[in-house]
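Coordinates as given in model.txt (compact mmCIF, C-alpha atoms):
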```
# COMPACT_ATOMS: atom_id res chain seq x y z
CA MET A 121 28.52 -15.79 4.69
CA ILE A 122 25.20 -13.93 4.52
CA SER A 123 22.94 -15.06 1.70
CA ALA A 124 21.61 -12.63 -0.88
CA ALA A 125 18.07 -13.24 0.37
CA ALA A 126 19.09 -12.41 3.94
CA LYS A 127 20.78 -9.22 2.80
CA LEU A 128 17.68 -8.18 0.85
CA LYS A 129 15.46 -8.86 3.83
CA LYS A 130 17.75 -6.83 6.05
CA ILE A 131 17.65 -3.73 3.83
CA THR A 132 13.96 -3.92 2.88
CA PRO A 133 12.87 -1.32 5.49
CA TYR A 134 15.53 1.08 4.20
CA ILE A 135 14.32 0.60 0.62
CA GLY A 136 10.74 1.14 1.76
CA CYS A 137 11.67 4.34 3.61
CA ALA A 138 13.48 5.66 0.56
CA PHE A 139 10.52 5.03 -1.73
CA LEU A 140 8.05 6.43 0.81
CA LEU A 141 10.04 9.62 1.27
CA SER A 142 10.32 9.95 -2.49
CA ALA A 143 6.57 9.49 -2.91
CA CYS A 144 5.95 12.18 -0.31
CA ALA A 145 8.29 14.70 -1.89
CA SER A 146 5.54 16.38 -3.89
CA ASN A 147 3.85 17.46 -0.62
CA VAL A 148 6.96 19.29 0.58
CA PRO A 149 6.67 23.10 0.30
CA LEU A 150 9.17 25.09 -1.75
CA ASP A 151 11.57 27.53 -0.16
CA LYS A 152 12.16 31.09 -1.44
CA ASN A 153 14.62 29.75 -4.03
CA GLY A 154 12.06 27.34 -5.45
CA LYS A 155 13.74 24.26 -3.95
CA LYS A 156 12.00 21.57 -1.93
CA ASN A 157 12.93 21.85 1.71
CA VAL A 158 12.44 18.55 3.57
CA PRO A 159 12.09 19.31 7.28
CA ASP A 160 14.19 17.40 9.78
CA GLN A 161 12.49 15.03 12.19
CA LYS A 162 12.26 17.39 15.16
CA ASP A 163 13.07 14.76 17.79
CA LYS A 164 15.63 12.75 15.86
CA SER A 165 18.39 13.43 18.40
CA THR A 166 16.29 12.76 21.48
CA LEU A 167 16.09 9.63 23.57
CA SER A 168 12.72 8.75 22.01
CA GLN A 169 14.48 7.92 18.75
CA ILE A 170 16.53 5.21 20.47
CA ALA A 171 13.31 3.25 20.94
CA LYS A 172 12.48 3.38 17.22
CA ALA A 173 13.37 0.92 14.49
CA ASP A 174 13.44 1.94 10.83
CA ILE A 175 10.00 0.42 10.33
CA ASP A 176 8.69 2.64 13.17
CA ARG A 177 10.15 5.76 11.57
CA MET A 178 8.56 4.71 8.29
CA ALA A 179 5.18 4.50 10.05
CA ASP A 180 5.75 7.97 11.52
CA VAL A 181 6.36 9.36 8.03
CA GLU A 182 3.39 7.54 6.52
CA MET A 183 0.96 8.85 9.12
CA ARG A 184 2.36 12.38 9.07
CA GLU A 185 2.24 12.68 5.29
CA ASN A 186 -1.23 11.15 5.03
CA ALA A 187 -2.52 13.60 7.64
CA GLN A 188 -1.09 16.42 5.53
CA SER A 189 -2.82 15.01 2.46
CA LEU A 190 -6.13 14.85 4.32
CA ARG A 191 -5.77 18.44 5.48
CA LEU A 192 -5.13 19.52 1.89
CA LEU A 193 -8.06 17.46 0.60
CA MET A 194 -10.37 18.91 3.24
CA LEU A 195 -9.38 22.43 2.21
CA LYS A 196 -9.92 21.63 -1.47
CA LEU A 197 -13.32 20.09 -0.73
CA TYR A 198 -14.40 23.17 1.20
CA LYS A 199 -13.31 25.38 -1.69
CA ARG A 200 -15.35 23.27 -4.13
CA ASN A 201 -18.28 22.97 -1.70
CA PRO A 202 -18.40 26.23 0.32
CA GLN A 203 -21.97 25.55 1.40
CA GLU A 204 -20.73 22.67 3.56
CA LEU A 205 -18.36 24.84 5.61
CA LYS A 206 -21.22 27.26 6.35
CA LYS A 207 -23.12 24.39 7.97
CA SER A 208 -20.39 24.09 10.63
CA THR A 209 -18.86 27.53 11.14
CA SER A 210 -18.47 31.07 9.87
CA ASP A 211 -14.69 30.77 10.35
CA PRO A 212 -12.30 30.37 7.40
CA ALA A 213 -11.75 26.82 6.16
CA GLU A 214 -8.14 26.84 7.41
CA LYS A 215 -9.27 27.49 10.98
CA MET A 216 -11.86 24.72 10.75
CA ILE A 217 -9.22 22.28 9.51
CA ASP A 218 -6.82 23.21 12.31
CA TRP A 219 -9.60 22.59 14.82
CA VAL A 220 -10.38 19.16 13.38
CA PHE A 221 -6.79 17.90 13.22
CA ASP A 222 -4.97 19.85 15.95
CA GLY A 223 -7.85 19.79 18.41
CA ALA A 224 -8.19 16.01 18.55
CA ALA A 225 -6.88 15.91 22.13
CA GLN A 226 -9.92 17.95 23.16
CA HIS A 227 -12.74 16.66 20.96
CA HIS A 228 -11.45 13.08 20.39
CA TYR A 229 -13.38 13.15 17.10
CA GLN A 230 -16.68 13.04 18.98
CA LEU A 231 -18.32 15.81 16.98
CA PRO A 232 -22.05 16.50 17.40
CA GLU A 233 -22.03 18.12 13.93
CA ILE A 234 -21.68 14.62 12.46
CA ASN A 235 -23.63 12.75 15.15
CA ASN A 236 -20.37 11.71 16.90
CA LEU A 237 -19.72 9.19 14.13
CA VAL A 238 -16.25 8.07 13.06
CA THR A 239 -14.55 5.76 10.51
CA THR A 240 -16.84 4.17 7.91
CA ASP A 241 -20.00 5.31 9.72
CA ALA A 242 -18.95 8.92 9.17
CA ILE A 243 -18.12 8.22 5.52
CA PHE A 244 -21.57 6.71 4.98
CA LEU A 245 -23.10 9.75 6.66
CA ALA A 246 -21.43 12.04 4.12
CA PHE A 247 -23.56 10.40 1.40
CA ASN A 248 -26.75 9.89 3.39
CA PRO A 249 -29.60 11.73 1.61
CA GLU A 250 -31.23 12.59 4.95
CA PHE A 251 -28.11 14.18 6.44
CA LYS A 252 -28.31 17.99 6.47
CA GLY A 253 -24.95 18.69 8.11
CA ASP A 254 -21.39 19.23 6.91
CA ARG A 255 -20.61 16.43 4.46
CA VAL A 256 -16.98 17.50 4.03
CA LEU A 257 -16.46 17.20 7.79
CA ALA A 258 -18.09 13.76 7.89
CA PHE A 259 -16.07 12.48 4.93
CA THR A 260 -12.70 13.75 6.18
CA VAL A 261 -13.16 12.69 9.79
CA GLY A 262 -14.28 9.26 8.58
CA LEU A 263 -11.13 8.79 6.52
CA HIS A 264 -8.79 10.10 9.21
CA THR A 265 -10.26 8.07 12.07
CA MET A 266 -10.27 4.96 9.89
CA LEU A 267 -6.56 5.46 9.22
CA LEU A 268 -5.88 6.06 12.91
CA LYS A 269 -7.79 2.96 13.99
CA ALA A 270 -5.79 0.74 11.62
CA HIS A 271 -2.62 2.13 13.24
CA ASN A 272 -3.89 1.41 16.77
CA ASP A 273 -4.97 5.06 17.21
CA LYS A 274 -1.35 6.24 17.18
CA THR A 275 0.66 8.67 15.09
CA GLU A 276 4.08 7.85 16.54
CA PHE A 277 5.55 4.36 16.80
CA TYR A 278 8.20 2.48 18.78
CA PHE A 279 9.72 -0.98 19.17
CA THR A 280 6.89 -2.02 21.46
CA ASP A 281 4.18 -1.28 18.90
CA SER A 282 2.73 -4.10 16.84
CA LEU A 283 0.79 -3.16 13.72
CA ASP A 284 -1.17 -5.57 11.53
CA PRO A 285 -0.27 -5.13 7.83
CA GLN A 286 -3.60 -6.65 6.77
CA ARG A 287 -5.57 -3.95 8.59
CA ILE A 288 -3.44 -1.24 7.02
CA TYR A 289 -3.76 -2.80 3.55
CA ASN A 290 -7.55 -2.97 4.02
CA VAL A 291 -7.67 0.75 4.79
CA ALA A 292 -6.09 1.49 1.41
CA ARG A 293 -8.87 -0.52 -0.25
CA ASN A 294 -11.47 1.31 1.84
CA ILE A 295 -10.10 4.66 0.71
CA GLU A 296 -10.52 3.48 -2.89
CA ILE A 297 -14.18 2.74 -2.13
CA ALA A 298 -14.64 6.11 -0.40
CA VAL A 299 -13.10 7.94 -3.36
CA TRP A 300 -15.43 6.09 -5.74
CA LYS A 301 -18.39 7.23 -3.61
CA LEU A 302 -17.07 10.80 -3.63
CA SER A 303 -16.97 10.79 -7.43
CA ASN A 304 -20.24 8.95 -8.04
CA ALA A 305 -22.75 9.23 -5.17
CA ARG A 306 -25.64 11.50 -6.13
CA ASP A 307 -28.78 12.84 -4.50
CA GLU A 308 -32.35 12.39 -5.74
CA THR A 309 -31.90 15.22 -8.26
CA GLY A 310 -28.85 13.57 -9.81
CA ALA A 311 -26.37 16.07 -8.35
CA LEU A 312 -23.19 14.91 -6.67
CA TYR A 313 -23.26 15.19 -2.89
CA LEU A 314 -19.74 16.66 -2.99
CA LEU A 315 -17.87 18.18 -5.91
CA SER A 316 -14.26 17.07 -6.33
CA ASN A 317 -12.56 16.31 -9.66
CA GLU A 318 -13.81 18.31 -12.63
CA ILE A 319 -13.57 17.39 -16.29
CA ASN A 320 -15.45 19.39 -18.89
CA ASP A 321 -14.89 21.33 -22.10
CA HIS A 322 -13.29 24.20 -20.22
CA ASP A 323 -11.61 22.72 -17.13
CA LYS A 324 -9.73 19.58 -16.17
CA ASN A 325 -9.00 19.25 -12.47
CA LEU A 326 -7.80 15.84 -11.28
CA SER A 327 -5.92 17.11 -8.23
CA PHE A 328 -8.21 15.21 -5.85
CA GLU A 329 -7.52 11.96 -7.65
CA ARG A 330 -3.77 12.57 -7.53
CA GLU A 331 -3.76 13.34 -3.80
CA PHE A 332 -5.86 10.32 -2.93
CA GLY A 333 -3.53 8.24 -5.13
CA LYS A 334 -0.55 9.41 -3.08
CA MET A 335 -2.29 8.34 0.12
CA ILE A 336 -3.18 4.91 -1.22
CA GLY A 337 0.36 4.43 -2.52
CA ARG A 338 1.93 5.31 0.85
CA ILE A 339 -0.41 3.02 2.77
CA ASP A 340 0.10 0.10 0.37
CA LEU A 341 3.87 0.49 0.46
CA TYR A 342 3.99 0.60 4.24
CA ALA A 343 1.67 -2.43 4.53
CA LEU A 344 3.87 -4.46 2.18
CA VAL A 345 7.12 -3.50 3.92
CA LEU A 346 5.56 -4.22 7.31
CA ALA A 347 4.35 -7.63 6.09
CA GLU A 348 7.86 -8.43 4.86
CA LYS A 349 9.42 -7.29 8.11
CA SER A 350 6.99 -9.19 10.33
CA GLN A 351 6.80 -12.21 7.98
CA ARG A 352 3.03 -11.99 7.70
CA LEU A 353 0.97 -12.62 4.60
CA ILE A 354 -1.48 -10.08 3.21
CA SER A 355 -4.72 -11.38 1.72
CA ARG A 356 -5.22 -9.28 -1.38
CA VAL A 357 -8.76 -8.38 -2.33
CA VAL A 358 -10.09 -7.42 -5.75
CA GLN A 359 -13.47 -5.69 -5.62
CA ASN A 360 -15.95 -3.99 -7.87
CA LEU A 361 -15.92 -0.50 -6.39
CA ALA A 362 -19.54 0.14 -7.29
CA THR A 363 -20.73 -2.75 -5.10
CA ALA A 364 -17.82 -3.19 -2.69
CA LEU A 365 -18.25 -3.23 1.06
CA PHE A 366 -15.75 -1.63 3.41
CA LEU A 367 -13.19 -4.15 4.66
CA PRO A 368 -12.52 -4.72 8.37
CA PHE A 369 -9.66 -2.73 9.85
```
Entire entry expressed as structure tokens:
Amino acid sequence: MISAAAKLKKITPYIGCAFLLSACASNVPLDKNGKKNVPDQKDKSTLSQIAKADIDRMADVEMRENAQSLRLLMLKLYKRNPQELKKSTSDPAEKMIDWVFDGAAQHHYQLPEINNLVTTDAIFLAFNPEFKGDRVLAFTVGLHTMLLKAHNDKTEFYFTDSLDPQRIYNVARNIEIAVWKLSNARDETGALYLLSNEINDHDKNLSFEREFGKMIGRIDLYALVLAEKSQRLISRVVQNLATALFLPF
């Protein structure tokens, strides 16, 4: 007889995948009939899928959906801060975003525009008063490369991969710190370095907060399911965002 605890442990990855897919549903585009059309995994019938466990497929989904969120956030930041895009290119924001995310095999995120900085160094650069370059580029590349590093610089996962749930959990906390900086860091004149959410007598735009919340939720969920699957403990950290330091990842 299989105990109830053993059964629960066995189905945990499936539960996690179901919740993760549900959480991602709001990012799925609508078809011409106004219905959400969830795309099939393009290689689900290939031999590569034989080498994947459910926890690996969950990691694939988490990374893919978070990359989509970052692309959307980068576009929204450029729309709110058009002066930043002009510092990098005269091309439309969409072309710039494609270059950043789809051109990684060529530039490897070594971008002279942001002093070749990545992860938290790039995030700090976005709020450095002496930096005259593209702050949206620095902020987005910092977040994306931080997420990649915590996942061993991969976006697709197999049986042979071993991810550390603590590192992934720490990235979620670091995104919380980065979002706090985005909403609060100001220059010497008192102006925000980058405009994001807007709340005033005429407008209320919290779309940035919602999208970042989706990212943090996906990352936390995957970290917890991975910890359960690998029987590792996660050390939870409670920080004051105004004074918090980025956690190791």
Quiz item: Interatomic distance between CA of Ser355 (chain A) and CA of Gln286 (chain A)?
Solution: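 Interatomic distance here is 7.0 Å.
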Quiz item: By how many Å are CA of Thr239 (chain A) and CA of Asn201 (chain A) apart?
Solution: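 One can read the CA of Thr239 (chain A) to CA of Asn201 (chain A) distance as 21.4 Å.
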Quiz item: Contacts of Val238 (chain A) at 8 Å or less, counting only C-alpha atoms, minus same-chain residues fewer than 3 places along, as a list in words?
Solution: Tyr229, Gln230, Asp241, Ala242, Ile243, Ala258, Val261, Gly262, Thr265 and Met266 of chain A
Self-check item: Point-to-point distance in Å for CA of Thr260 (chain A) and CA of Met335 (chain A)
Solution: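 That distance, rounded to one decimal, is 13.2 Å.
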Exercise. Determine the nearest neighbour of Ala171 (chain A) from the options A:Asp211, A:Glu276, A:Glu233, A:Asp340, counting only C-alpha atoms.
Key: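 Looking only at the distances to Ala171 (chain A), the closest residue turns out to be A:Glu276.
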Self-check item: Counting all atoms listed in the file, the option among A:His228, A:Arg255, A:Lys349, A:Lys196 closest to Ala213 (chain A)
Solution: A:Lys196
Could you give me, as a CSV table (one decimal) with C-alpha atoms, keeping the file's coordinate frame, the residues within 10 Å of Leu353 (chain A), counting all atoms listed in the file and dropping anything in the same chain fewer than 5 positions from it?
```csv
chain,number,residue,atom,x,y,z
A,285,PRO,CA,-0.3,-5.1,7.8
A,286,GLN,CA,-3.6,-6.6,6.8
A,344,LEU,CA,3.9,-4.5,2.2
A,346,LEU,CA,5.6,-4.2,7.3
A,347,ALA,CA,4.4,-7.6,6.1
A,348,GLU,CA,7.9,-8.4,4.9
```
Self-check item: Close residues, Phe366 (chain A) itself excluded, 8 Å, only C-alpha atoms, min 5 positions apart in chain, as a list in words
Solution: Thr240, Arg293, Asn294 and Ile297 of chain A
Quiz item: Restricting the calculation to all atoms listed in the file, which member of A:Ala179, A:Ile295, A:Ala246, A:Ile170 is positioned closest to Ser282 (chain A)?
Solution: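 The closest residue to Ser282 (chain A) is A:Ala179.
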Practice problem: Find the residue from A:Glu318, A:Glu296, A:Glu331, A:Asp284 that sits nearest to Ile354 (chain A); use only C-alpha atoms when measuring. | Solution: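 Distance minimum relative to Ile354 (chain A) lands on A:Asp284.
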Exercise. Could you give me, as a list of chain:residue names, the residues within 10 Å of Val299 (chain A), counting only C-alpha atoms and dropping anything in the same chain fewer than 4 positions from it?
Key: A:Phe259, A:Arg293, A:Asn294, A:Ile295, A:Ser303, A:Asn304, A:Ala305, A:Ser316, A:Phe328, A:Glu329, A:Phe332, A:Gly333, A:Leu361
Okay, now the selection with C-alpha atoms, as a compact mmCIF listing (two decimals), in the coordinates of the input?
```txt
# COMPACT_ATOMS: atom_id res chain seq x y z
CA PHE A 259 -16.07 12.48 4.93
CA ARG A 293 -8.87 -0.52 -0.25
CA ASN A 294 -11.47 1.31 1.84
CA ILE A 295 -10.10 4.66 0.71
CA SER A 303 -16.97 10.79 -7.43
CA ASN A 304 -20.24 8.95 -8.04
CA ALA A 305 -22.75 9.23 -5.17
CA SER A 316 -14.26 17.07 -6.33
CA PHE A 328 -8.21 15.21 -5.85
CA GLU A 329 -7.52 11.96 -7.65
CA PHE A 332 -5.86 10.32 -2.93
CA GLY A 333 -3.53 8.24 -5.13
CA LEU A 361 -15.92 -0.50 -6.39
```
Quiz item: Contacts of region 216-226 of chain A at 10 Å or less, counting all atoms listed in the file, minus same-chain residues fewer than 4 places along, as a list of chain:residue names?
Solution: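 Near region 216-226 of chain A, the qualifying residues are A:Ala187, A:Gln188, A:Leu190, A:Arg191, A:Leu192, A:Met194, A:Leu195, A:Tyr198, A:Leu205, A:Ser208, A:Thr209, A:Ser210, A:Asp211, A:Pro212, A:Gln230, A:Leu231, A:Leu257, A:Thr260, A:Val261, A:His264.
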